[in-house]
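A.B. asks: Sending over a structure as structure tokens; questions will come in a sec.
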Amino acid sequence: MHIKKWLALLAAILMLGLSGCTSSVEQSPEVLAKKELVVSYIDVGQGDSILVQGPSGKNMLIDAGIPEEGSKVVSYLKSRGVKKIDVLVATHPHSDHIGGMPDVIYAFPVNKVYMPKVGNNTYSYEKLLVAIKRKGLKVTTARAGVSLDLGSGVQVTILAPNSSHYDDLNEYSAVIKLRYGDTSFLFEGDAGAISEKEMLKLGYDLKADVLKVGHHGSAYSTSMAFLEAVSPRYAVISVGRYNDYGHPARVTLNRLRSQGVAIYRTDEKGTIIAFSDGKDISFTFEK
């Protein structure tokens with residue numbers, strides 16, 4: 001399908017104005033009883049997929065890996081007791097972030113979908129648009145300043161993109177900051193140095209305890225100035241074992257180590273799960 005037809009399809013989706021069911025998802029009694037926020041950095045190889053389960057019972061999924069990982073993401077969500085996705089974010093239209101998303105959309109009721117205002121001439125992007133249309137969902141533009149509803153006590157804000165045009169699709173990535181009590185998380189998608197400079201220039205509060213490192217640890221993301229502003233205690237890198245891109249880059253790892261940041265990688269740890277009670281953060285790992 002030609003890119004113009006895809007953009008027309010996306011425009012039609014934006015006009016639907018349907019947001020689907022609005023009831024909250026059920027979570028396991030253990031999560032709700034403890035009032036915990038649970039963030040799962042799902043091991044999808046060379047790609048991104050992050051499940052955020054709020055203490056009120058609402059769920060947010062950020063990306064869903066490559067097409068071949070869609071069924072794995074669906075299975076993982078079911079294993080975590082997910083029955084509905086309240087917030088679905090496609091950070092940017094690269095297949096290692098959106099490829100598995102159609103499987104997720106067909107498997108669960110979805111309330112709200114957020115995507116940056118940019119398309120891509122790929123089959124993965126076409127399949128995502130078709131899935132959104134078939135489920136009668138509305139797409140809300142992911143841009144700086146947009147707040148996401150993950151329930152009482154959790155503040156979620158999109159900090160990027162801040163411009164309407166970039167030469168690199170990665171720079172359109174939705175960058176999301178989440179705060180729960182005294183703890184905070186930053187999810188950078190594949191945002192690179194240009195987007196990072198914009199966020200720094202605009203004076204955003206980037207401080208976070210846990211940083212999902214941009215672009216799988218690429219040398220062109222997680223600049224020293226940005227890292228110093230975030231000042232994380234922990235860094236999570238979603239990356240495939242023996243990938244063809246050399247991710248994570250040695251220079252990025254060295255920057256993180258120079259700041260004393262604890263580094264967790266999906267290629268080494270498998271799925272990385274962070275638990276926050278609003279005061280402290282702990283981690284477990286699933287191979």
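Letters A, B, ... mark the chains of the structure tokens in the order given; residue numbers begin at 1 per chain; ligand numbers begin at 1, in order shown.
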Show me a table, sorted first by chain and then by increasing residue number, of the residues of region 183-222 of chain A having an atom at most 9 Å from region 246-255 of chain A, each with its shortest atom pair and the distance in Å to one decimal, counting only C-alpha atoms and written as a Markdown table.
C.D. replies:
```
| residue | atom | partner | partner_atom | distance |
| --- | --- | --- | --- | --- |
| A:His215 | CA | A:His247 | CA | 8.6 |
| A:His216 | CA | A:Pro248 | CA | 6.0 |
| A:Gly217 | CA | A:Pro248 | CA | 4.1 |
| A:Ser218 | CA | A:Ala249 | CA | 5.4 |
| A:Ala219 | CA | A:Ala249 | CA | 5.4 |
| A:Tyr220 | CA | A:Thr252 | CA | 8.5 |
| A:Ser221 | CA | A:Thr252 | CA | 7.8 |
| A:Thr222 | CA | A:Thr252 | CA | 6.8 |
```
A.B. asks: Output the selection as an mmCIF file, in the first residue's frame - N, CA and C atoms for each residue.
C.D. replies:
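File again13.cif, as written:
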```cif
data_model
loop_
_atom_site.group_PDB
_atom_site.id
_atom_site.type_symbol
_atom_site.label_atom_id
_atom_site.label_comp_id
_atom_site.auth_asym_id
_atom_site.auth_seq_id
_atom_site.Cartn_x
_atom_site.Cartn_y
_atom_site.Cartn_z
ATOM 1 N N HIS A 215 16.971 4.064 22.339
ATOM 2 C CA HIS A 215 17.475 3.388 21.140
ATOM 3 C C HIS A 215 18.387 2.208 21.454
ATOM 4 N N HIS A 216 17.963 1.379 22.420
ATOM 5 C CA HIS A 216 18.648 0.122 22.712
ATOM 6 C C HIS A 216 20.117 0.314 23.094
ATOM 7 N N GLY A 217 20.422 1.491 23.628
ATOM 8 C CA GLY A 217 21.798 1.770 24.033
ATOM 9 C C GLY A 217 22.685 2.267 22.912
ATOM 10 N N SER A 218 22.084 2.785 21.853
ATOM 11 C CA SER A 218 22.842 3.330 20.732
ATOM 12 C C SER A 218 23.780 4.450 21.182
ATOM 13 N N ALA A 219 24.854 4.631 20.439
ATOM 14 C CA ALA A 219 25.807 5.707 20.723
ATOM 15 C C ALA A 219 25.193 7.072 20.475
ATOM 16 N N TYR A 220 24.073 7.117 19.735
ATOM 17 C CA TYR A 220 23.468 8.393 19.348
ATOM 18 C C TYR A 220 22.314 8.790 20.264
ATOM 19 N N SER A 221 22.221 8.139 21.403
ATOM 20 C CA SER A 221 21.212 8.468 22.395
ATOM 21 C C SER A 221 21.872 8.482 23.765
ATOM 22 N N THR A 222 21.135 8.940 24.772
ATOM 23 C CA THR A 222 21.633 8.993 26.148
ATOM 24 C C THR A 222 22.925 9.792 26.217
#
```
A.B. asks: Do a neighbour search on region 54-66 of chain A at 8 Å with only C-alpha atoms, toss out local chain neighbours closer than 6 positions, and write the hits as number ranges by chain.
C.D. replies: A: 24-27, 31-32, 34-38, 44-48, 73, 82, 84-91, 95-101, 104, 150-152, 154
A.B. asks: When DSSP works through the backbone of this structure, what residues of region 142-284 of chain A end up as helix (DSSP H, G or I), shown as number ranges by chain?
C.D. replies: A: 169-172, 193-201, 214-217, 224-230, 250-258, 266-269
A.B. asks: Can you list, as a PDB file with N, CA and C atoms, in the first residue's frame, every residue of region 119-154 of chain A that DSSP puts in strand (DSSP E)?
C.D. replies:
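Saved the output as part_9.pdb:
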```pdb
ATOM      1  N   VAL A 139      -7.121   7.286  17.474  1.00  0.00           N
ATOM      2  CA  VAL A 139      -5.711   7.570  17.740  1.00  0.00           C
ATOM      3  C   VAL A 139      -5.568   9.007  18.226  1.00  0.00           C
ATOM      4  N   THR A 140      -4.919   9.158  19.371  1.00  0.00           N
ATOM      5  CA  THR A 140      -4.590  10.476  19.902  1.00  0.00           C
ATOM      6  C   THR A 140      -3.112  10.731  19.643  1.00  0.00           C
ATOM      7  N   THR A 141      -2.786  11.922  19.170  1.00  0.00           N
ATOM      8  CA  THR A 141      -1.396  12.238  18.842  1.00  0.00           C
ATOM      9  C   THR A 141      -0.532  12.281  20.094  1.00  0.00           C
ATOM     10  N   SER A 147      -1.059  14.290  28.853  1.00  0.00           N
ATOM     11  CA  SER A 147      -1.104  13.460  30.059  1.00  0.00           C
ATOM     12  C   SER A 147      -1.826  12.146  29.772  1.00  0.00           C
ATOM     13  N   LEU A 148      -1.345  11.072  30.382  1.00  0.00           N
ATOM     14  CA  LEU A 148      -1.933   9.757  30.207  1.00  0.00           C
ATOM     15  C   LEU A 148      -2.550   9.311  31.528  1.00  0.00           C
ATOM     16  N   VAL A 154      -0.872   8.120  40.204  1.00  0.00           N
ATOM     17  CA  VAL A 154       0.184   7.971  39.203  1.00  0.00           C
ATOM     18  C   VAL A 154       0.098   9.116  38.201  1.00  0.00           C
TER      19      VAL A 154
END
```
A.B. asks: State, in Å with one decimal place, the distance from CA of Ser231 (chain A) to CA of Tyr166 (chain A).
C.D. replies: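 Separation between CA of Ser231 (chain A) and CA of Tyr166 (chain A): 26.5 Å.
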A.B. asks: Excluding region 192-201 of chain A and any residue of its chain fewer than 4 positions from it, enumerate the residues within 8 Å of it, using only C-alpha atoms, and give them as a list in words.
C.D. replies: Leu159, Ala160, Pro161, Asn162, Asn170, Glu171, Tyr172, Gly214, His215, Tyr220, Ser221, Thr222, Ser223, Phe226 and Ala229 of chain A
A.B. asks: Work out how far CA of Thr183 (chain A) is from CA of Ile281 (chain A), in Å to one decimal.
C.D. replies: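 We find that CA of Ile281 (chain A) and CA of Thr183 (chain A) lie 7.4 Å from each other.
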A.B. asks: For region 175-181 of chain A, work out the shell of residues within 8 Å, counting only C-alpha atoms and skipping chain neighbours fewer than 2 positions away, then give it as an MDAnalysis selection string.
C.D. replies: chainID A and resid 37 91 153:161 173 183:189 191 206 208 276:279
A.B. asks: How about saving the chosen residues, C-alpha atoms kept, as a PDB file, in the first residue's frame?
C.D. replies:
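What follows is the written file result_7.pdb:
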```pdb
ATOM      1  CA  LEU A  37       3.283  -0.055  40.591  1.00  0.00           C
ATOM      2  CA  THR A  91       6.349   5.334  20.500  1.00  0.00           C
ATOM      3  CA  GLY A 153      -1.729   8.408  42.461  1.00  0.00           C
ATOM      4  CA  VAL A 154       0.184   7.971  39.203  1.00  0.00           C
ATOM      5  CA  GLN A 155       1.253  10.923  37.055  1.00  0.00           C
ATOM      6  CA  VAL A 156       2.168  10.123  33.459  1.00  0.00           C
ATOM      7  CA  THR A 157       3.232  12.810  30.991  1.00  0.00           C
ATOM      8  CA  ILE A 158       4.618  12.739  27.466  1.00  0.00           C
ATOM      9  CA  LEU A 159       7.761  14.921  27.229  1.00  0.00           C
ATOM     10  CA  ALA A 160       8.543  14.430  23.524  1.00  0.00           C
ATOM     11  CA  PRO A 161       8.339  14.810  20.586  1.00  0.00           C
ATOM     12  CA  SER A 173       9.657   8.822  19.689  1.00  0.00           C
ATOM     13  CA  THR A 183       9.637   7.180  42.645  1.00  0.00           C
ATOM     14  CA  SER A 184       9.854   7.976  38.942  1.00  0.00           C
ATOM     15  CA  PHE A 185      10.488   6.270  35.615  1.00  0.00           C
ATOM     16  CA  LEU A 186      11.510   7.647  32.218  1.00  0.00           C
ATOM     17  CA  PHE A 187      10.787   5.714  29.023  1.00  0.00           C
ATOM     18  CA  GLU A 188      12.800   7.098  26.108  1.00  0.00           C
ATOM     19  CA  GLY A 189      11.731   4.942  23.174  1.00  0.00           C
ATOM     20  CA  ALA A 191      14.721   9.176  20.975  1.00  0.00           C
ATOM     21  CA  LEU A 206      13.766  14.792  33.542  1.00  0.00           C
ATOM     22  CA  ALA A 208      13.999   9.725  37.218  1.00  0.00           C
ATOM     23  CA  SER A 276       7.544   0.426  43.346  1.00  0.00           C
ATOM     24  CA  ASP A 277       5.546   1.006  46.515  1.00  0.00           C
ATOM     25  CA  GLY A 278       5.895   4.754  46.037  1.00  0.00           C
ATOM     26  CA  LYS A 279       9.014   4.921  48.190  1.00  0.00           C
TER      27      LYS A 279
END
```
A.B. asks: Which one is closest to Asp205 (chain A): A:Ala131, A:Met224, A:Val230, A:Ile272? Count only C-alpha atoms.
C.D. replies: A:Val230
A.B. asks: Would you mind telling me which residue in A:Ala144, A:Val118, A:Leu202, A:Ala107 lies nearest to Ser75 (chain A) when using only C-alpha atoms?
C.D. replies: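 Of A:Ala144, A:Val118, A:Leu202, A:Ala107, the one nearest Ser75 (chain A) is A:Ala107, counting only C-alpha atoms.
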A.B. asks: With distances taken over only C-alpha atoms, which of A:Gly81, A:Lys138, A:Pro67, A:Ser164 is nearest to Tyr125 (chain A)?
C.D. replies: A:Pro67
A.B. asks: Have a look at A:Val213, A:Ala235, A:Val146, A:Ala262 and name the one nearest to Met115 (chain A); count only C-alpha atoms.
C.D. replies: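 Of all the options, A:Val146 lies closest to Met115 (chain A).
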A.B. asks: Please, what distance in Å, to one decimal, runs between CA of Asn121 (chain A) and CA of Arg134 (chain A)?
C.D. replies: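 Pair CA of Asn121 (chain A) / CA of Arg134 (chain A) returns 19.8 Å.
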